[in-house]
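As C-alpha cells, the structure follows; a few thoughts come after it.
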Amino acid sequence: MSARPHITVRGLTKRFKDMVVYDKFDLDIPRGKIISVFGPNGCGKSTLINLMAGLIPKDGGEILFDGFKVEDVRIGYVFQNYREALFPWLRARDNIEYPLKFMKLAKAERRRRVEALVERLGVRIDLNRYPYEMSGGQQQLVSIMRALVIDPEVLFLDEPFSALDYEMTLFMREQLQRVFMDTGTTTMIVSHDLEEAVYVADEILLLTRAPTNVADLVCFDAPRPRTDATLSQPDFVRVKAHSLAVFQREVRR
Amino acid sequence: MSPRWNAEPFVPLIGIVGLLGLWYLAVNTRVIDPVLLPLPTDTAKAAWKGFSGGKLGVDFLITLQRTGLAIALASAIGIPVGLILGASEKLYRSLEFVVDFFRSTPATAIFPLFLLLFGVDDKTKIYVATFAAALAIIFNVAYGVMNARKTRLLAAWLMGARRHQILLIVLLESFPQTFIGLRTGVSLALIVVIVAEMFIGSKDGLGNSIFEAQQMFEMPAMYAAIFASGALGYGLNLLFRVIEKRVVHWSGK
C-alpha cells in the first residue's frame with residue numbers, strides 16, 4: 001500500500017444559504033480502499049461525495065486526486081435513486097454504454113467493453129430490456145455497471161442500496177465486494193445503515209453534526225471475501241460497537 | 001368455480017349493447033318522440049347513405065383535414081415555444097399567467113374576433129383551433145421540460161455529456177408530457193372546428209352537417225353526423241395513443 005493518499009481534501013468549505021455544512025474540512029482518502037461514510041442526519045454525507053465528485057460547487061478549499069482536479073479524473077458515480085438516474089428510453093445495455101460515447105470509442109469497442117464487464121461481474125440479467133422492465137436491484141446493478149464501464153479511478157456511491165429490499169441489498173453488497181476485489185478501485189460509499197457501513201468498508205469515516213468534522217476514521221481489516229460469518233466475528237462486533245458509540249456521542253452533542 | 005366459456009372479451013360490449021337496448025326501448029315505448037329520436041337502424045342507414053357517396057363522408061374528411069392542419073400548426077408553434085419557456089424558469093414564470101389565462105379561456109369565445117381578423121374563411125376555423133391546441137401544447141411541453149429529472153441531467157453531465165447532449169435528454173424527458181399536450185390539443189381542436197363549422201359562412205364539415213340536418217329536421221342524418229364526429233374524436237385519440245405508446249414507451253413507468 002502506498003503511503004501517499006489518493007484523495008486529499010483541504011480547507012473544504014460549503015454553505016447552503018445560512019447553514020455552514022463544511023468549514024475548513026480536511027480529509028485524506030487512501031488508495032484502493034472502500035471508505036464508508038456514516039454520520040448523523042443532515043451532516044452532509046452525500047454532500048461530501050457530491051463535492052468530491054464535482055457534482056455541486058464548493059465555496060472554498062481544494063480537492064485533489066493524486067494532485068489532479070476532478071475534471072481530469074475518471075469518476076464513477078452511483079445515485080441513490082436509480083429510477084431517476086438511468087435513461088428509460090435506452091435499453092440496459094445502451095445505458096451502460098452511454099458514458100463510453102464520450103470517450104470517442106467506436107461502437108464495436110463500446111460493445112466489447114460492456115461484454116467484458118458483464119463477463120467479469122458474472123451478471124446474468126437480460127440487458128436488452130428497458131430499465132422499467134427490471135426489478136429495482138437489477139436497475140441499480142445496471143447503474144453500477146454504467147459507473148464501472150469507464151474503469152473509474154474513483155467510485156462514489158450515494159446510499160446505493162437504500163431503495164432496495166433486504167434480500168436485494170445483501171445480494172448487491174456481495175456484487176460490490178466482488179467488483180472491488182476485482183478492481184481495487186478507491187471507493188466511497190455513503191450509507192445510513194451502520195452494519196452495512198462496517199461490513200463493506202476498509203475504513204469507516206464517521207462524521208460529526210454540521211459544521212461537519214471527522215469524528216473518527218475507524219479501520220476494519222477483516223479479510224475478503226466477507227460473508228455472513230463476518231457479521232458475528234469479534235472484530236466486526238467491536239468495530240461496529242465503537243462506531244455506534246462515536247455516532248451516539250455525536251448525535252447527542 | 002369455473003365458467004363454461006370465457007366471457008371476458010365480451011365485457012366491453014355490454015355498454016354498447018345496453019345503450020342500443022335503451023335506445024330501442026325509448027323509441028318503442030315512446031318515452032321520447034320518435035320524430036326526435038329515430039331508430040338506431042334508421043340512423044345506421046342514414047350513416048351508410050352519407051358515407052357511401054353522400055355528403056357525410058366528404059364532411060368527415062374536411063373536418064379531419066381542418067383538425068389535422070390545426071394540430072400540425074399548433075405543434076409547430078407550441079413545441080418550440082414550450083421548450084423555450086420550459087428551459088428558462090424566469091421566462092416561464094413571467095408568462096405563466098398569460099398562458100394559463102388564455103388556456104382557460106374557451107377558444108370559441110375568441111371566434112368572433114378571429115372572424116374579424118381573418119374573415120369568414122376556412123383558415124379562420126383552423127386558426128381558432130390552432131390557438132386552442134397550441135396553448136395546451138405549450139403548457140404541457142414547458143411543464144415536461146421543467147420537470148426533467150435533475151438527477152438524470154446530472155448523471156449525463158458527470159459522464160461527460162456536453163450541452164447539446166444534455167439538451168437532447170431534456171427533450172426526451174419532456175416527451176411523455178408533450179404527448180399529453182398533443183392529445184389534449186387534438187381534442188380541443190376537434191371541438192373548436194366542429195363548433196366553428198356550425199356557424200357563420202360554413203358550407204361543409206361535420207359541424208355544418210349536424211347543424212343543417214337539424215335545421216331541415218332530418219333526424220337520422222343528424223344523429224349519423226353526431227356519431228361520425230364521435231368516431232372521429234375517438235379515432236384521433238386512439239391514433240395518438242398508439243403513437244405515444246410507440247414513441248414514449250417508457251411513459252408512466
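So you can find residues: chains in the C-alpha cells are A, B, ... in the order shown, residues in each start at 1, and ligands are numbered from 1 in order.
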Using 12 Å as the limit and counting only C-alpha atoms, can you tabulate each residue of chain A that touches chain B, with its shortest atom-to-atom distance in Å and the two atoms involved, as a tab-separated table?
residue	atom	partner	partner_atom	distance
A:Asn50	CA	B:Leu158	CA	10.7
A:Ala53	CA	B:Leu158	CA	8.3
A:Gly54	CA	B:Leu158	CA	8.2
A:Leu55	CA	B:Leu158	CA	7.2
A:Ile56	CA	B:Leu154	CA	9.6
A:Val70	CA	B:Leu158	CA	10.5
A:Glu71	CA	B:Leu158	CA	9.5
A:Asp72	CA	B:Gly160	CA	11.3
A:Val73	CA	B:Leu158	CA	11.1
A:Arg74	CA	B:Met159	CA	8.8
A:Ile75	CA	B:Leu158	CA	7.8
A:Gly76	CA	B:Met159	CA	8.0
A:Tyr77	CA	B:Ala155	CA	7.9
A:Val78	CA	B:Ala155	CA	8.7
A:Phe79	CA	B:Thr151	CA	7.9
A:Gln80	CA	B:Thr151	CA	9.7
A:Asn81	CA	B:Thr151	CA	8.1
A:Tyr82	CA	B:Thr151	CA	9.1
A:Arg83	CA	B:Arg152	CA	9.1
A:Glu84	CA	B:Arg152	CA	5.7
A:Ala85	CA	B:Arg152	CA	4.7
A:Leu86	CA	B:Arg152	CA	6.7
A:Phe87	CA	B:Arg152	CA	7.2
A:Pro88	CA	B:Trp250	CA	5.9
A:Trp89	CA	B:Trp250	CA	6.3
A:Leu90	CA	B:Trp250	CA	9.4
A:Arg91	CA	B:Trp250	CA	10.7
A:Asn95	CA	B:Ala156	CA	10.5
A:Ile96	CA	B:Met159	CA	10.9
A:Glu97	CA	B:Met159	CA	10.7
A:Tyr98	CA	B:Met159	CA	8.1
A:Pro99	CA	B:Met159	CA	5.2
A:Leu100	CA	B:Met159	CA	8.4
A:Lys101	CA	B:Ala161	CA	8.8
A:Phe102	CA	B:Gly160	CA	5.9
A:Met103	CA	B:Gly160	CA	8.4
A:Lys104	CA	B:Gly160	CA	11.0
A:Arg129	CA	B:Trp250	CA	11.6
A:Tyr130	CA	B:Trp250	CA	8.3
A:Pro131	CA	B:Trp250	CA	8.9
A:Tyr132	CA	B:Lys253	CA	6.0
A:Glu133	CA	B:Lys253	CA	8.7
A:Met134	CA	B:Lys253	CA	10.9
A:Ser143	CA	B:Ala155	CA	10.2
A:Arg146	CA	B:Met159	CA	9.3
A:Ala147	CA	B:Met159	CA	8.4
A:Leu148	CA	B:Met159	CA	11.2
A:Val149	CA	B:Met159	CA	10.8
A:Ile150	CA	B:Met159	CA	9.1
A:Pro152	CA	B:Met159	CA	10.7
A:Phe156	CA	B:Leu158	CA	11.7
For this session: Determine which residues of range 78-253 of chain A DSSP labels as alpha helix (DSSP H) from the backbone of this structure, then write them out as a PyMOL selection string.
Result: chain A and resi 82-85+92-97+107-121+136-148+166-183+194-200+234-252
Using the selection just defined, write its residues with C-alpha atoms as a PDB file, in the first residue's frame.
ATOM      1  CA  TYR A  82     -31.663   4.577  -9.874  1.00  0.00           C
ATOM      2  CA  ARG A  83     -35.110   5.296 -11.325  1.00  0.00           C
ATOM      3  CA  GLU A  84     -34.112   8.865 -11.942  1.00  0.00           C
ATOM      4  CA  ALA A  85     -30.521   8.152 -12.866  1.00  0.00           C
ATOM      5  CA  ALA A  92     -29.968  -1.504 -20.139  1.00  0.00           C
ATOM      6  CA  ARG A  93     -27.073  -2.287 -22.485  1.00  0.00           C
ATOM      7  CA  ASP A  94     -27.206   1.168 -24.039  1.00  0.00           C
ATOM      8  CA  ASN A  95     -27.438   2.774 -20.616  1.00  0.00           C
ATOM      9  CA  ILE A  96     -24.214   1.048 -19.615  1.00  0.00           C
ATOM     10  CA  GLU A  97     -22.608   2.028 -22.899  1.00  0.00           C
ATOM     11  CA  LYS A 107     -19.322   1.226 -31.491  1.00  0.00           C
ATOM     12  CA  ALA A 108     -17.711  -2.222 -31.656  1.00  0.00           C
ATOM     13  CA  GLU A 109     -15.232  -1.308 -28.948  1.00  0.00           C
ATOM     14  CA  ARG A 110     -18.015   0.040 -26.736  1.00  0.00           C
ATOM     15  CA  ARG A 111     -19.938  -3.208 -27.154  1.00  0.00           C
ATOM     16  CA  ARG A 112     -16.828  -5.184 -26.367  1.00  0.00           C
ATOM     17  CA  ARG A 113     -16.208  -3.270 -23.159  1.00  0.00           C
ATOM     18  CA  VAL A 114     -19.766  -3.788 -21.960  1.00  0.00           C
ATOM     19  CA  GLU A 115     -19.495  -7.503 -22.732  1.00  0.00           C
ATOM     20  CA  ALA A 116     -16.194  -7.712 -20.895  1.00  0.00           C
ATOM     21  CA  LEU A 117     -17.724  -6.047 -17.859  1.00  0.00           C
ATOM     22  CA  VAL A 118     -20.720  -8.394 -17.923  1.00  0.00           C
ATOM     23  CA  GLU A 119     -18.337 -11.314 -18.090  1.00  0.00           C
ATOM     24  CA  ARG A 120     -16.179 -10.012 -15.264  1.00  0.00           C
ATOM     25  CA  LEU A 121     -19.079  -9.404 -12.918  1.00  0.00           C
ATOM     26  CA  GLY A 136     -35.052  -2.276  -8.509  1.00  0.00           C
ATOM     27  CA  GLY A 137     -31.972  -4.335  -7.763  1.00  0.00           C
ATOM     28  CA  GLN A 138     -31.353  -5.064 -11.411  1.00  0.00           C
ATOM     29  CA  GLN A 139     -31.715  -1.389 -12.242  1.00  0.00           C
ATOM     30  CA  GLN A 140     -29.208  -0.426  -9.574  1.00  0.00           C
ATOM     31  CA  LEU A 141     -26.881  -3.121 -10.858  1.00  0.00           C
ATOM     32  CA  VAL A 142     -27.133  -1.514 -14.292  1.00  0.00           C
ATOM     33  CA  SER A 143     -26.345   1.865 -12.683  1.00  0.00           C
ATOM     34  CA  ILE A 144     -23.272   0.401 -11.024  1.00  0.00           C
ATOM     35  CA  MET A 145     -22.180  -1.173 -14.292  1.00  0.00           C
ATOM     36  CA  ARG A 146     -22.611   2.164 -16.019  1.00  0.00           C
ATOM     37  CA  ALA A 147     -20.313   3.694 -13.408  1.00  0.00           C
ATOM     38  CA  LEU A 148     -17.763   0.885 -13.773  1.00  0.00           C
ATOM     39  CA  TYR A 166     -33.234  -6.593   2.243  1.00  0.00           C
ATOM     40  CA  GLU A 167     -32.679  -9.623   0.063  1.00  0.00           C
ATOM     41  CA  MET A 168     -31.539  -7.457  -2.818  1.00  0.00           C
ATOM     42  CA  THR A 169     -29.368  -5.336  -0.520  1.00  0.00           C
ATOM     43  CA  LEU A 170     -27.479  -8.416   0.632  1.00  0.00           C
ATOM     44  CA  PHE A 171     -27.002  -9.549  -2.948  1.00  0.00           C
ATOM     45  CA  MET A 172     -25.811  -6.128  -4.061  1.00  0.00           C
ATOM     46  CA  ARG A 173     -23.298  -5.893  -1.210  1.00  0.00           C
ATOM     47  CA  GLU A 174     -21.777  -9.122  -2.476  1.00  0.00           C
ATOM     48  CA  GLN A 175     -21.692  -7.727  -6.007  1.00  0.00           C
ATOM     49  CA  LEU A 176     -19.967  -4.586  -4.811  1.00  0.00           C
ATOM     50  CA  GLN A 177     -17.433  -6.589  -2.861  1.00  0.00           C
ATOM     51  CA  ARG A 178     -16.780  -8.755  -5.897  1.00  0.00           C
ATOM     52  CA  VAL A 179     -16.231  -5.723  -8.101  1.00  0.00           C
ATOM     53  CA  PHE A 180     -13.930  -4.188  -5.551  1.00  0.00           C
ATOM     54  CA  MET A 181     -11.856  -7.343  -5.089  1.00  0.00           C
ATOM     55  CA  ASP A 182     -11.537  -7.488  -8.838  1.00  0.00           C
ATOM     56  CA  THR A 183     -10.608  -3.872  -9.496  1.00  0.00           C
ATOM     57  CA  LEU A 194     -24.139   1.073  10.256  1.00  0.00           C
ATOM     58  CA  GLU A 195     -23.972  -2.673   9.756  1.00  0.00           C
ATOM     59  CA  GLU A 196     -23.624  -2.156   6.028  1.00  0.00           C
ATOM     60  CA  ALA A 197     -21.143   0.679   6.509  1.00  0.00           C
ATOM     61  CA  VAL A 198     -18.833  -1.543   8.547  1.00  0.00           C
ATOM     62  CA  TYR A 199     -19.392  -4.718   6.539  1.00  0.00           C
ATOM     63  CA  VAL A 200     -18.365  -3.278   3.177  1.00  0.00           C
ATOM     64  CA  PRO A 234     -15.476 -10.291  17.393  1.00  0.00           C
ATOM     65  CA  ASP A 235     -13.599  -7.796  15.262  1.00  0.00           C
ATOM     66  CA  PHE A 236     -16.753  -6.802  13.368  1.00  0.00           C
ATOM     67  CA  VAL A 237     -18.783  -6.551  16.563  1.00  0.00           C
ATOM     68  CA  ARG A 238     -16.085  -4.436  18.192  1.00  0.00           C
ATOM     69  CA  VAL A 239     -15.738  -2.016  15.271  1.00  0.00           C
ATOM     70  CA  LYS A 240     -19.484  -1.683  14.933  1.00  0.00           C
ATOM     71  CA  ALA A 241     -19.911  -1.062  18.676  1.00  0.00           C
ATOM     72  CA  HIS A 242     -17.169   1.534  18.652  1.00  0.00           C
ATOM     73  CA  SER A 243     -18.657   3.269  15.594  1.00  0.00           C
ATOM     74  CA  LEU A 244     -22.065   3.262  17.205  1.00  0.00           C
ATOM     75  CA  ALA A 245     -20.649   4.807  20.362  1.00  0.00           C
ATOM     76  CA  VAL A 246     -19.000   7.584  18.339  1.00  0.00           C
ATOM     77  CA  PHE A 247     -22.204   8.109  16.401  1.00  0.00           C
ATOM     78  CA  GLN A 248     -24.313   8.317  19.572  1.00  0.00           C
ATOM     79  CA  ARG A 249     -21.898  10.784  21.072  1.00  0.00           C
ATOM     80  CA  GLU A 250     -22.188  12.970  18.001  1.00  0.00           C
ATOM     81  CA  VAL A 251     -25.961  12.740  17.809  1.00  0.00           C
ATOM     82  CA  ARG A 252     -26.350  13.782  21.437  1.00  0.00           C
TER      83      ARG A 252
END
Exercise. Could you pull the residues within 9 Å of range 25-38 of chain A, counting only C-alpha atoms, minus those fewer than 5 positions along the same chain, as a count of residues only?
Worked result: 47
Seminar exercise, completed: Atom pair CA of Leu69 in chain B + CA of Arg183 in chain B, distance 14.6 Å
